[in-house]
file final11.txt (compact mmCIF, C-alpha atoms)
# COMPACT_ATOMS: atom_id res chain seq x y z
CA MET H 1 -2.70 -47.92 265.68
CA ARG H 2 0.76 -48.87 266.96
CA GLU H 3 0.15 -52.52 266.10
CA GLN H 4 -0.93 -51.64 262.58
CA PHE H 5 2.09 -49.39 262.21
CA GLN H 6 4.47 -52.12 263.35
CA ARG H 7 2.88 -54.53 260.89
CA LEU H 8 3.44 -52.06 258.05
CA LEU H 9 7.02 -51.46 259.14
CA ARG H 10 7.68 -55.21 259.10
CA ARG H 11 6.21 -55.38 255.61
CA ALA H 12 8.72 -52.71 254.55
CA ALA H 13 11.62 -54.86 255.76
CA ASP H 14 11.81 -56.86 252.51
CA GLY H 15 12.02 -53.73 250.34
CA SER H 16 8.60 -54.16 248.75
CA TRP H 17 7.38 -51.06 250.58
CA ARG H 18 9.20 -47.99 251.79
CA ARG H 19 8.18 -45.65 254.54
CA ILE H 20 8.08 -41.96 253.60
CA PRO H 21 9.62 -40.21 256.61
CA SER H 22 7.75 -37.51 258.48
CA TYR H 23 8.46 -33.98 257.42
CA ARG H 24 7.30 -30.51 258.20
CA ARG H 25 7.52 -29.01 254.75
CA GLY H 26 7.72 -29.88 251.11
CA LEU H 27 9.16 -32.79 249.24
CA GLU H 28 12.41 -33.65 250.98
CA HIS H 29 11.04 -37.13 251.61
CA LEU H 30 11.27 -38.13 247.94
CA PRO H 31 14.79 -37.09 246.93
CA GLU H 32 14.32 -38.49 243.45
CA VAL H 33 11.62 -35.92 242.74
CA GLN H 34 12.85 -32.74 241.12
CA GLN H 35 11.91 -29.71 243.18
CA MET H 36 9.64 -27.04 241.81
CA VAL H 37 11.19 -23.59 241.98
CA VAL H 38 9.00 -20.84 243.37
CA GLY H 39 9.71 -17.38 244.68
CA PRO H 40 10.73 -16.86 248.30
CA VAL H 41 7.90 -17.38 250.76
CA THR H 42 7.22 -14.29 252.84
CA GLY H 43 5.71 -14.22 256.31
CA PRO H 44 6.55 -16.26 259.37
CA GLY H 45 7.19 -19.97 259.26
CA PRO H 46 5.18 -21.84 256.64
CA ARG H 47 4.22 -25.33 257.79
CA LEU H 48 2.85 -28.35 256.01
CA PHE H 49 -0.92 -28.33 256.51
CA LEU H 50 -0.97 -31.85 257.99
CA ARG H 51 1.87 -31.10 260.42
CA ASN H 52 0.81 -27.73 261.73
CA LEU H 53 -0.36 -28.83 265.19
CA ASP H 54 2.12 -29.35 267.99
CA THR H 55 -0.33 -31.11 270.31
CA GLU H 56 0.39 -34.80 269.88
CA GLY H 57 -2.62 -36.82 268.80
CA ALA H 58 -4.77 -33.75 268.14
CA GLY H 59 -4.51 -33.64 264.37
CA PHE H 60 -3.23 -35.92 261.63
CA GLU H 61 -0.98 -38.66 263.02
CA TYR H 62 0.12 -40.48 259.92
CA ALA H 63 2.74 -42.48 258.11
CA ILE H 64 2.86 -43.03 254.36
CA PHE H 65 4.24 -46.15 252.73
CA LEU H 66 5.23 -46.31 249.06
CA HIS H 67 5.13 -49.61 247.20
CA ALA H 68 8.32 -50.64 245.40
CA SER H 69 6.50 -50.29 242.07
CA GLY H 70 6.05 -46.59 242.86
CA HIS H 71 2.43 -47.01 241.77
CA ARG H 72 0.75 -47.42 245.13
CA THR H 73 0.77 -45.62 248.48
CA GLN H 74 -0.85 -46.53 251.76
CA CYS H 75 -1.33 -43.98 254.51
CA LEU H 76 -2.10 -45.15 258.03
CA CYS H 77 -3.69 -42.21 259.82
CA GLN H 78 -5.38 -41.35 263.09
CA LEU H 79 -7.69 -38.37 262.71
CA GLY H 80 -7.56 -36.53 266.00
CA PRO H 81 -10.16 -34.43 267.82
CA TYR H 82 -8.89 -31.15 266.34
CA LEU H 83 -10.16 -32.27 262.91
CA GLU H 84 -13.81 -32.12 263.83
CA GLY H 85 -16.69 -31.09 261.57
CA HIS H 86 -20.01 -32.21 263.01
CA HIS H 87 -19.85 -32.92 266.73
CA GLY H 88 -17.99 -36.19 267.07
CA PHE H 89 -17.19 -36.61 263.38
CA THR H 90 -14.19 -35.81 261.20
CA HIS H 91 -14.54 -32.79 258.91
CA GLY H 92 -15.04 -33.60 255.23
CA GLY H 93 -12.12 -31.30 254.48
CA ALA H 94 -9.82 -33.32 256.74
CA ILE H 95 -10.76 -36.51 254.88
CA ALA H 96 -10.10 -34.68 251.59
CA THR H 97 -6.72 -33.60 252.97
CA LEU H 98 -5.78 -37.18 253.85
CA ILE H 99 -6.83 -38.38 250.39
CA ASP H 100 -5.06 -35.53 248.55
CA THR H 101 -1.86 -36.29 250.45
CA THR H 102 -2.00 -40.03 249.82
CA VAL H 103 -2.72 -39.81 246.10
CA GLY H 104 -0.35 -36.85 245.75
CA THR H 105 2.55 -38.84 247.20
CA CYS H 106 1.80 -41.63 244.72
CA ALA H 107 1.64 -39.10 241.86
CA LEU H 108 5.01 -37.65 242.93
CA ALA H 109 6.58 -41.09 242.86
CA VAL H 110 5.14 -41.73 239.40
CA ALA H 111 6.07 -38.35 237.93
CA LYS H 112 9.47 -37.89 239.56
CA THR H 113 8.82 -34.17 239.15
CA SER H 114 6.54 -31.88 241.13
CA VAL H 115 2.84 -32.43 240.65
CA MET H 116 -0.22 -30.33 241.38
CA THR H 117 -3.72 -31.55 242.15
CA ALA H 118 -5.93 -30.79 239.15
CA LYS H 119 -9.09 -32.69 240.09
CA LEU H 120 -10.29 -34.46 243.19
CA SER H 121 -13.67 -36.24 243.39
CA ILE H 122 -14.65 -37.80 246.68
CA SER H 123 -17.65 -39.92 247.66
CA TYR H 124 -18.18 -39.86 251.42
CA LEU H 125 -19.79 -43.20 252.21
CA ALA H 126 -19.88 -43.32 256.01
CA PRO H 127 -19.38 -40.71 258.74
CA MET H 128 -15.91 -41.02 260.28
CA PRO H 129 -15.73 -40.52 264.06
CA VAL H 130 -12.96 -38.27 265.35
CA GLY H 131 -10.18 -40.44 266.70
CA ALA H 132 -10.68 -43.06 263.99
CA VAL H 133 -7.64 -44.94 262.75
CA VAL H 134 -7.96 -45.47 259.03
CA MET H 135 -6.00 -46.68 256.04
CA ALA H 136 -6.03 -44.63 252.84
CA ASP H 137 -5.02 -46.88 249.96
CA SER H 138 -4.13 -45.20 246.68
CA ARG H 139 -2.99 -46.54 243.34
CA LEU H 140 -2.06 -45.28 239.89
CA GLU H 141 -4.83 -45.87 237.36
CA ARG H 142 -3.11 -44.47 234.27
CA HIS H 143 -0.42 -42.02 233.19
CA GLU H 144 -0.99 -40.04 229.99
CA GLY H 145 1.65 -37.43 229.17
CA ARG H 146 1.63 -34.94 232.05
CA LYS H 147 -1.63 -36.35 233.44
CA ILE H 148 -1.60 -38.88 236.25
CA PHE H 149 -4.90 -40.52 237.16
CA LEU H 150 -5.24 -42.20 240.56
CA SER H 151 -7.83 -43.72 242.85
CA CYS H 152 -8.08 -43.98 246.61
CA CYS H 153 -10.17 -45.80 249.21
CA VAL H 154 -10.29 -44.96 252.91
CA ARG H 155 -11.25 -47.82 255.23
CA ASP H 156 -11.01 -48.58 258.92
CA THR H 157 -7.96 -50.69 259.60
CA LYS H 158 -10.02 -53.88 259.91
CA GLY H 159 -11.47 -53.18 256.46
CA ASP H 160 -15.04 -53.40 257.73
CA THR H 161 -16.07 -49.84 256.94
CA LEU H 162 -15.44 -48.04 253.67
CA TYR H 163 -15.44 -44.38 254.64
CA ALA H 164 -14.64 -42.79 251.30
CA GLU H 165 -13.74 -43.48 247.69
CA ALA H 166 -12.01 -40.99 245.44
CA THR H 167 -10.53 -40.38 242.03
CA ALA H 168 -7.85 -37.80 241.34
CA LEU H 169 -6.01 -36.19 238.46
CA PHE H 170 -2.58 -34.70 239.02
CA ILE H 171 -0.58 -32.65 236.50
CA GLN H 172 3.19 -32.88 236.31
CA VAL H 173 4.86 -29.51 236.70
CA GLU H 174 7.87 -29.19 234.42
CA ASP H 175 11.12 -29.69 236.34
CA THR H 176 12.48 -26.37 237.50
CA LYS H 177 9.91 -23.99 236.09
CA PRO H 178 7.33 -22.31 238.29
CA PRO H 179 3.83 -23.81 238.10
CA PRO H 180 1.54 -22.63 235.31
CA ALA H 181 -0.98 -19.88 236.01
CA ALA H 182 -3.70 -22.43 235.40
CA CYS H 183 -3.43 -26.19 235.18
CA PRO H 184 -5.31 -27.72 232.21
CA MET Z 1 -8.67 -8.36 253.63
CA ARG Z 2 -10.01 -5.89 256.23
CA GLU Z 3 -11.38 -3.64 253.50
CA GLN Z 4 -13.15 -6.56 251.82
CA PHE Z 5 -14.55 -7.64 255.16
CA GLN Z 6 -15.88 -4.15 255.93
CA ARG Z 7 -17.50 -4.04 252.51
CA LEU Z 8 -19.26 -7.36 253.18
CA LEU Z 9 -20.36 -6.19 256.62
CA ARG Z 10 -21.87 -3.04 255.08
CA ARG Z 11 -23.73 -5.21 252.59
CA ALA Z 12 -25.21 -7.15 255.50
CA ALA Z 13 -26.63 -3.95 257.00
CA ASP Z 14 -29.78 -4.06 254.86
CA GLY Z 15 -30.62 -7.63 255.87
CA SER Z 16 -29.95 -9.16 252.46
CA TRP Z 17 -26.94 -10.99 253.88
CA ARG Z 18 -26.19 -12.26 257.37
CA ARG Z 19 -22.81 -12.92 258.86
CA ILE Z 20 -22.39 -16.36 260.41
CA PRO Z 21 -20.50 -15.70 263.66
CA SER Z 22 -17.20 -17.37 264.38
CA TYR Z 23 -17.36 -20.54 266.39
CA ARG Z 24 -15.08 -23.24 267.66
CA ARG Z 25 -17.39 -26.20 267.33
CA GLY Z 26 -20.56 -27.37 265.68
CA LEU Z 27 -23.61 -25.63 264.44
CA GLU Z 28 -24.47 -23.07 267.09
CA HIS Z 29 -24.21 -20.39 264.43
CA LEU Z 30 -27.42 -21.49 262.71
CA PRO Z 31 -29.92 -21.80 265.56
CA GLU Z 32 -32.72 -22.70 263.15
CA VAL Z 33 -30.90 -25.90 262.22
CA GLN Z 34 -31.90 -28.93 264.24
CA GLN Z 35 -28.92 -30.51 265.92
CA MET Z 36 -27.84 -34.03 265.12
CA VAL Z 37 -27.61 -36.20 268.20
CA VAL Z 38 -24.48 -38.29 268.54
CA GLY Z 39 -22.87 -40.08 271.42
CA PRO Z 40 -20.56 -38.27 273.82
CA VAL Z 41 -17.19 -37.41 272.34
CA THR Z 42 -14.34 -38.96 274.25
CA GLY Z 43 -10.80 -37.62 274.50
CA PRO Z 44 -9.60 -34.13 275.21
CA GLY Z 45 -11.11 -31.04 273.63
CA PRO Z 46 -12.47 -31.56 270.14
CA ARG Z 47 -12.08 -28.47 267.98
CA LEU Z 48 -13.52 -27.42 264.66
CA PHE Z 49 -10.95 -28.27 262.00
CA LEU Z 50 -10.83 -24.72 260.63
CA ARG Z 51 -10.41 -23.17 264.09
CA ASN Z 52 -7.81 -25.48 265.58
CA LEU Z 53 -4.84 -23.09 265.42
CA ASP Z 54 -4.31 -20.45 268.06
CA THR Z 55 -1.64 -18.54 266.14
CA GLU Z 56 -3.48 -15.63 264.56
CA GLY Z 57 -3.13 -15.49 260.79
CA ALA Z 58 -1.46 -18.89 260.55
CA GLY Z 59 -4.45 -20.94 259.38
CA PHE Z 60 -7.94 -20.22 258.10
CA GLU Z 61 -9.01 -16.64 258.87
CA TYR Z 62 -12.52 -16.52 257.56
CA ALA Z 63 -16.00 -15.13 257.79
CA ILE Z 64 -19.07 -16.66 256.17
CA PHE Z 65 -22.03 -14.66 254.94
CA LEU Z 66 -25.42 -16.21 254.23
CA HIS Z 67 -27.75 -14.61 251.70
CA ALA Z 68 -31.27 -13.81 252.87
CA SER Z 69 -32.63 -16.42 250.43
CA GLY Z 70 -30.69 -19.06 252.36
CA HIS Z 71 -29.52 -20.36 248.99
CA ARG Z 72 -26.10 -18.74 248.76
CA THR Z 73 -23.07 -18.36 251.00
CA GLN Z 74 -19.90 -16.38 250.53
CA CYS Z 75 -16.79 -17.08 252.57
CA LEU Z 76 -14.02 -14.49 252.68
CA CYS Z 77 -10.87 -16.32 253.72
CA GLN Z 78 -7.17 -15.74 254.13
CA LEU Z 79 -5.23 -19.00 253.83
CA GLY Z 80 -2.28 -18.65 256.15
CA PRO Z 81 1.24 -20.11 255.99
CA TYR Z 82 0.33 -23.14 258.13
CA LEU Z 83 -1.85 -24.46 255.31
CA GLU Z 84 1.03 -25.15 252.97
CA GLY Z 85 1.29 -28.03 250.49
CA HIS Z 86 4.01 -27.35 247.93
CA HIS Z 87 6.50 -24.76 249.08
CA GLY Z 88 4.73 -21.43 248.84
CA PHE Z 89 1.35 -22.82 247.85
CA THR Z 90 -1.82 -23.74 249.70
CA HIS Z 91 -2.47 -27.48 250.20
CA GLY Z 92 -5.21 -28.94 248.00
CA GLY Z 93 -6.81 -30.30 251.17
CA ALA Z 94 -7.02 -26.81 252.67
CA ILE Z 95 -8.82 -25.55 249.56
CA ALA Z 96 -11.15 -28.57 249.80
CA THR Z 97 -11.77 -27.69 253.44
CA LEU Z 98 -12.70 -24.12 252.59
CA ILE Z 99 -15.06 -25.33 249.85
CA ASP Z 100 -16.65 -28.04 252.02
CA THR Z 101 -17.30 -25.49 254.75
CA THR Z 102 -18.80 -22.90 252.40
CA VAL Z 103 -21.13 -25.29 250.58
CA GLY Z 104 -21.90 -27.11 253.83
CA THR Z 105 -23.08 -23.91 255.49
CA CYS Z 106 -25.34 -23.25 252.50
CA ALA Z 107 -26.67 -26.83 252.66
CA LEU Z 108 -27.40 -26.41 256.38
CA ALA Z 109 -29.38 -23.26 255.70
CA VAL Z 110 -31.35 -25.02 252.97
CA ALA Z 111 -31.99 -28.21 254.94
CA LYS Z 112 -32.61 -26.72 258.38
CA THR Z 113 -31.45 -30.07 259.71
CA SER Z 114 -27.96 -31.49 259.95
CA VAL Z 115 -26.31 -32.39 256.68
CA MET Z 116 -23.36 -34.58 255.75
CA THR Z 117 -21.10 -34.22 252.74
CA ALA Z 118 -21.86 -37.09 250.34
CA LYS Z 119 -19.86 -36.00 247.29
CA LEU Z 120 -17.33 -33.29 246.60
CA SER Z 121 -15.73 -32.78 243.19
CA ILE Z 122 -13.13 -30.06 242.84
CA SER Z 123 -11.26 -28.75 239.80
CA TYR Z 124 -8.09 -26.94 240.85
CA LEU Z 125 -7.54 -24.34 238.15
CA ALA Z 126 -4.64 -22.25 239.44
CA PRO Z 127 -2.10 -22.70 242.25
CA MET Z 128 -3.06 -20.61 245.28
CA PRO Z 129 -0.14 -18.93 247.12
CA VAL Z 130 -0.13 -19.21 250.90
CA GLY Z 131 -1.37 -15.95 252.35
CA ALA Z 132 -3.89 -15.46 249.54
CA VAL Z 133 -7.16 -13.75 250.37
CA VAL Z 134 -9.94 -15.41 248.45
CA MET Z 135 -13.70 -15.49 248.15
CA ALA Z 136 -15.51 -18.83 248.04
CA ASP Z 137 -18.95 -18.29 246.52
CA SER Z 138 -21.44 -21.11 246.86
CA ARG Z 139 -25.02 -21.51 245.74
CA LEU Z 140 -27.82 -24.06 245.81
CA GLU Z 141 -28.29 -25.76 242.46
CA ARG Z 142 -31.22 -28.02 243.34
CA HIS Z 143 -32.89 -29.76 246.27
CA GLU Z 144 -34.39 -33.21 245.70
CA GLY Z 145 -35.77 -34.94 248.77
CA ARG Z 146 -32.86 -35.37 251.16
CA LYS Z 147 -30.32 -34.48 248.47
CA ILE Z 148 -28.95 -30.96 248.21
CA PHE Z 149 -26.82 -30.14 245.17
CA LEU Z 150 -24.55 -27.10 245.31
CA SER Z 151 -21.75 -25.42 243.40
CA CYS Z 152 -18.84 -23.27 244.49
CA CYS Z 153 -16.19 -21.05 242.91
CA VAL Z 154 -13.07 -19.78 244.67
CA ARG Z 155 -11.59 -16.55 243.28
CA ASP Z 156 -9.15 -13.92 244.45
CA THR Z 157 -11.05 -10.98 245.88
CA LYS Z 158 -10.55 -8.88 242.73
CA GLY Z 159 -12.10 -11.71 240.72
CA ASP Z 160 -9.11 -11.91 238.37
CA THR Z 161 -8.06 -15.48 239.21
CA LEU Z 162 -10.39 -18.45 239.39
CA TYR Z 163 -8.57 -20.84 241.72
CA ALA Z 164 -11.10 -23.64 241.92
CA GLU Z 165 -14.56 -24.75 240.88
CA ALA Z 166 -16.54 -27.43 242.66
CA THR Z 167 -19.81 -29.29 242.83
CA ALA Z 168 -21.13 -30.91 245.98
CA LEU Z 169 -23.91 -33.19 247.14
CA PHE Z 170 -25.06 -33.08 250.75
CA ILE Z 171 -27.52 -35.45 252.41
CA GLN Z 172 -29.95 -34.28 255.06
CA VAL Z 173 -29.63 -36.23 258.28
CA GLU Z 174 -33.00 -36.83 259.89
CA ASP Z 175 -33.53 -34.45 262.81
CA THR Z 176 -32.52 -36.12 266.02
CA LYS Z 177 -31.38 -39.51 264.77
CA PRO Z 178 -27.73 -40.42 264.55
CA PRO Z 179 -26.28 -40.32 261.03
CA PRO Z 180 -26.70 -43.41 258.84
CA ALA Z 181 -23.92 -45.95 258.67
CA ALA Z 182 -23.53 -45.06 255.02
CA CYS Z 183 -25.00 -42.11 253.16
CA PRO Z 184 -26.65 -43.07 249.85

call {"tool": "encode", "arguments": {"input": "final11.txt", "output": "structure tokens"}}
result
Amino acid sequence: MREQFQRLLRRAADGSWRRIPSYRRGLEHLPEVQQMVVGPVTGPGPRLFLRNLDTEGAGFEYAIFLHASGHRTQCLCQLGPYLEGHHGFTHGGAIATLIDTTVGTCALAVAKTSVMTAKLSISYLAPMPVGAVVMADSRLERHEGRKIFLSCCVRDTKGDTLYAEATALFIQVEDTKPPPAACP
Amino acid sequence: MREQFQRLLRRAADGSWRRIPSYRRGLEHLPEVQQMVVGPVTGPGPRLFLRNLDTEGAGFEYAIFLHASGHRTQCLCQLGPYLEGHHGFTHGGAIATLIDTTVGTCALAVAKTSVMTAKLSISYLAPMPVGAVVMADSRLERHEGRKIFLSCCVRDTKGDTLYAEATALFIQVEDTKPPPAACP
């Protein structure tokens, strides 16, 4: 994975791609995106779902890269042993989480406001072993008003195995207002 | 949540519903389901994705109930603060994980062999605050050969808010063989 990561970092050196830094919560990684205002969060210490494990290598180890066009994201991810579904295989929900995060980051870059997932349709094409290092590759398909349509493929880093394909619809949330009770 | 849980437990007393016990890994909770055979898992301590946090109340706190028909499951779940996406709201991937688990348990009961998620399509209808207690309600729609089609709704426990609707396709994995390289 380190070699792949270094290759992606080198690719970012010419400004065509940008690495989204790691973060524990929220949207601080895309300062150009207007923040959604919500009420204070009660209870102890909310944490970003993908960053909620302290054991290194156990969960999602990932880095997201945004293309200069703002219309494409690539997420290099190792899916650790704490993401298991069937014995030895990654949980379908963990793969959905990786996809939602990758397309969601692309949608944020497109919208430049907060976005919410409205639809997510995933085809699981091959079982993914725990410990797999994969690349989720997402791109904007079209942008109609507040609707942002995207697609995503998840492959092993050699590109030999296509683990999953997905389409997604995100809805822009108006600048500083709280999210709607129901997204259309 | 405790009151809801007690109500569900009482409902199970007449045998019409059965609680699926908590577990850390795999399918031990449905002894009638034939286990899929895979190679030995390397690396330290795999854990079920939904049970990988030790901090009580931080992640998925859930109990699954299977209807006597074997064609319906209900999952009562509190989505803790470590499942955050947007500030204050549950990550779309965490909701997908809850749905995949609920429909997957139903598919297992229908198939009585291992099953793999083949398709999952989710409509996110309302943002779900972290800490929400919800009910995921899944049922068999039809069973055609190795294909098991299911649906799922996720509501707050009063039934006032419909957070998500989903359809799913699971594929039966033949008894003791390893899973196919690609599910149809």

call {"tool": "residues_around", "arguments": {"input": "final11.txt", "residues": "region 128-133 of chain H", "least_positions_apart": "2", "cutoff": "7 Å", "atoms": "all atoms listed in the file", "output": "ChimeraX atom specification"}}
result
/H:1,77-81,84,88-90,126,156-157,163

call {"tool": "atom_distance", "arguments": {"input": "final11.txt", "atom1": "CA of Tyr62 (chain Z)", "atom2": "CA of Met116 (chain H)"}}
result
24.6 Å

call {"tool": "closest_atom_pairs", "arguments": {"input": "final11.txt", "of": "chain Z", "to": "chain H", "cutoff": "6 Å", "atoms": "all atoms listed in the file", "output": "Markdown table"}}
result
| residue | atom | partner | partner_atom | distance |
| --- | --- | --- | --- | --- |
| Z:Gly26 | CA | H:His86 | CA | 5.6 |
| Z:Val41 | CA | H:Gly88 | CA | 5.5 |
| Z:Pro46 | CA | H:Pro81 | CA | 4.4 |
| Z:Arg47 | CA | H:Tyr82 | CA | 4.5 |
| Z:Leu48 | CA | H:Glu84 | CA | 4.8 |
| Z:Phe49 | CA | H:Leu83 | CA | 4.2 |
| Z:Asn52 | CA | H:Tyr82 | CA | 5.8 |
| Z:Pro81 | CA | H:Pro46 | CA | 4.4 |
| Z:Tyr82 | CA | H:Arg47 | CA | 4.5 |
| Z:Leu83 | CA | H:Phe49 | CA | 4.2 |
| Z:Glu84 | CA | H:Leu48 | CA | 4.8 |
| Z:Gly85 | CA | H:Leu48 | CA | 5.7 |
| Z:His86 | CA | H:Gly26 | CA | 5.5 |
| Z:His87 | CA | H:Gly26 | CA | 5.6 |
| Z:Gly88 | CA | H:Val41 | CA | 5.5 |
| Z:Gly93 | CA | H:Thr97 | CA | 3.8 |
| Z:Ala96 | CA | H:Gly93 | CA | 5.5 |
| Z:Thr97 | CA | H:Gly93 | CA | 3.8 |
| Z:Ala118 | CA | H:Tyr124 | CA | 4.7 |
| Z:Lys119 | CA | H:Ser123 | CA | 4.5 |
| Z:Leu120 | CA | H:Ile122 | CA | 5.2 |
| Z:Ser121 | CA | H:Ser121 | CA | 4.0 |
| Z:Ile122 | CA | H:Leu120 | CA | 5.2 |
| Z:Ser123 | CA | H:Lys119 | CA | 4.5 |
| Z:Tyr124 | CA | H:Ala118 | CA | 4.7 |
| Z:Leu125 | CA | H:Ala182 | CA | 5.1 |
| Z:Ala126 | CA | H:Ala182 | CA | 4.2 |
| Z:Ala181 | CA | H:Ala126 | CA | 5.5 |
| Z:Ala182 | CA | H:Ala126 | CA | 4.2 |
| Z:Cys183 | CA | H:Leu125 | CA | 5.4 |

call {"tool": "residues_around", "arguments": {"input": "final11.txt", "residues": "Phe5 (chain Z)", "least_positions_apart": "5", "cutoff": "12 Å", "atoms": "only C-alpha atoms", "output": "list in words"}}
result
Arg10, Arg11, Ala12, Arg19, Glu61, Tyr62, Ala63, Ile64, Phe65, Gln74, Cys75, Leu76, Cys77, Gln78, Val133, Val134, Met135 and Thr157 of chain Z

call {"tool": "write_last_selection", "arguments": {"input": "final11.txt", "atoms": "C-alpha atoms", "output": "mmCIF file, keeping the file's coordinate frame"}}
result
data_model
loop_
_atom_site.group_PDB
_atom_site.id
_atom_site.type_symbol
_atom_site.label_atom_id
_atom_site.label_comp_id
_atom_site.auth_asym_id
_atom_site.auth_seq_id
_atom_site.Cartn_x
_atom_site.Cartn_y
_atom_site.Cartn_z
ATOM 1 C CA ARG Z 10 -21.870 -3.040 255.080
ATOM 2 C CA ARG Z 11 -23.730 -5.210 252.590
ATOM 3 C CA ALA Z 12 -25.210 -7.150 255.500
ATOM 4 C CA ARG Z 19 -22.810 -12.920 258.860
ATOM 5 C CA GLU Z 61 -9.010 -16.640 258.870
ATOM 6 C CA TYR Z 62 -12.520 -16.520 257.560
ATOM 7 C CA ALA Z 63 -16.000 -15.130 257.790
ATOM 8 C CA ILE Z 64 -19.070 -16.660 256.170
ATOM 9 C CA PHE Z 65 -22.030 -14.660 254.940
ATOM 10 C CA GLN Z 74 -19.900 -16.380 250.530
ATOM 11 C CA CYS Z 75 -16.790 -17.080 252.570
ATOM 12 C CA LEU Z 76 -14.020 -14.490 252.680
ATOM 13 C CA CYS Z 77 -10.870 -16.320 253.720
ATOM 14 C CA GLN Z 78 -7.170 -15.740 254.130
ATOM 15 C CA VAL Z 133 -7.160 -13.750 250.370
ATOM 16 C CA VAL Z 134 -9.940 -15.410 248.450
ATOM 17 C CA MET Z 135 -13.700 -15.490 248.150
ATOM 18 C CA THR Z 157 -11.050 -10.980 245.880
#

call {"tool": "atom_distance", "arguments": {"input": "final11.txt", "atom1": "CA of Arg2 (chain Z)", "atom2": "CA of Gly70 (chain Z)"}}
result
24.8 Å

call {"tool": "atom_distance", "arguments": {"input": "final11.txt", "atom1": "CA of Cys106 (chain H)", "atom2": "CA of Ile148 (chain H)"}}
result
9.5 Å

call {"tool": "residues_around", "arguments": {"input": "final11.txt", "residues": "Glu144 (chain H)", "least_positions_apart": "2", "cutoff": "12 Å", "atoms": "only C-alpha atoms", "output": "PyMOL selection string"}}
result
chain H and resi 110-111+140-142+146-150+169-172

call {"tool": "closest_residue", "arguments": {"input": "final11.txt", "among": "H:Ala136, H:Leu66, H:Leu8, H:Val154", "to": "Leu108 (chain H)", "atoms": "all atoms listed in the file"}}
result
H:Leu66

call {"tool": "decode", "arguments": {"input": "final11.txt", "residues": "region 149-175 of chain H", "atoms": "C-alpha atoms", "output": "PDB file, in the first residue's frame"}}
result
ATOM      1  CA  PHE H 149     -24.980  12.407  -9.748  1.00  0.00           C
ATOM      2  CA  LEU H 150     -21.782  10.376  -9.388  1.00  0.00           C
ATOM      3  CA  SER H 151     -20.378   6.936 -10.089  1.00  0.00           C
ATOM      4  CA  CYS H 152     -17.733   4.861  -8.373  1.00  0.00           C
ATOM      5  CA  CYS H 153     -15.725   1.698  -9.014  1.00  0.00           C
ATOM      6  CA  VAL H 154     -13.722  -0.203  -6.407  1.00  0.00           C
ATOM      7  CA  ARG H 155     -10.828  -2.286  -7.736  1.00  0.00           C
ATOM      8  CA  ASP H 156      -7.733  -3.928  -6.325  1.00  0.00           C
ATOM      9  CA  THR H 157      -4.745  -1.683  -6.847  1.00  0.00           C
ATOM     10  CA  LYS H 158      -3.495  -3.745  -9.800  1.00  0.00           C
ATOM     11  CA  GLY H 159      -6.893  -3.278 -11.454  1.00  0.00           C
ATOM     12  CA  ASP H 160      -7.375  -7.024 -11.904  1.00  0.00           C
ATOM     13  CA  THR H 161     -10.454  -7.397  -9.734  1.00  0.00           C
ATOM     14  CA  LEU H 162     -13.516  -5.169  -9.855  1.00  0.00           C
ATOM     15  CA  TYR H 163     -15.015  -5.509  -6.392  1.00  0.00           C
ATOM     16  CA  ALA H 164     -17.926  -3.112  -6.673  1.00  0.00           C
ATOM     17  CA  GLU H 165     -19.632  -0.573  -8.901  1.00  0.00           C
ATOM     18  CA  ALA H 166     -21.946   2.125  -7.627  1.00  0.00           C
ATOM     19  CA  THR H 167     -24.046   5.124  -8.552  1.00  0.00           C
ATOM     20  CA  ALA H 168     -24.928   7.885  -6.128  1.00  0.00           C
ATOM     21  CA  LEU H 169     -27.103  10.966  -5.868  1.00  0.00           C
ATOM     22  CA  PHE H 170     -26.178  13.729  -3.459  1.00  0.00           C
ATOM     23  CA  ILE H 171     -28.293  16.778  -2.615  1.00  0.00           C
ATOM     24  CA  GLN H 172     -26.728  20.141  -1.898  1.00  0.00           C
ATOM     25  CA  VAL H 173     -27.750  21.526   1.466  1.00  0.00           C
ATOM     26  CA  GLU H 174     -28.262  25.284   1.321  1.00  0.00           C
ATOM     27  CA  ASP H 175     -25.290  27.144   2.797  1.00  0.00           C
TER      28      ASP H 175
END
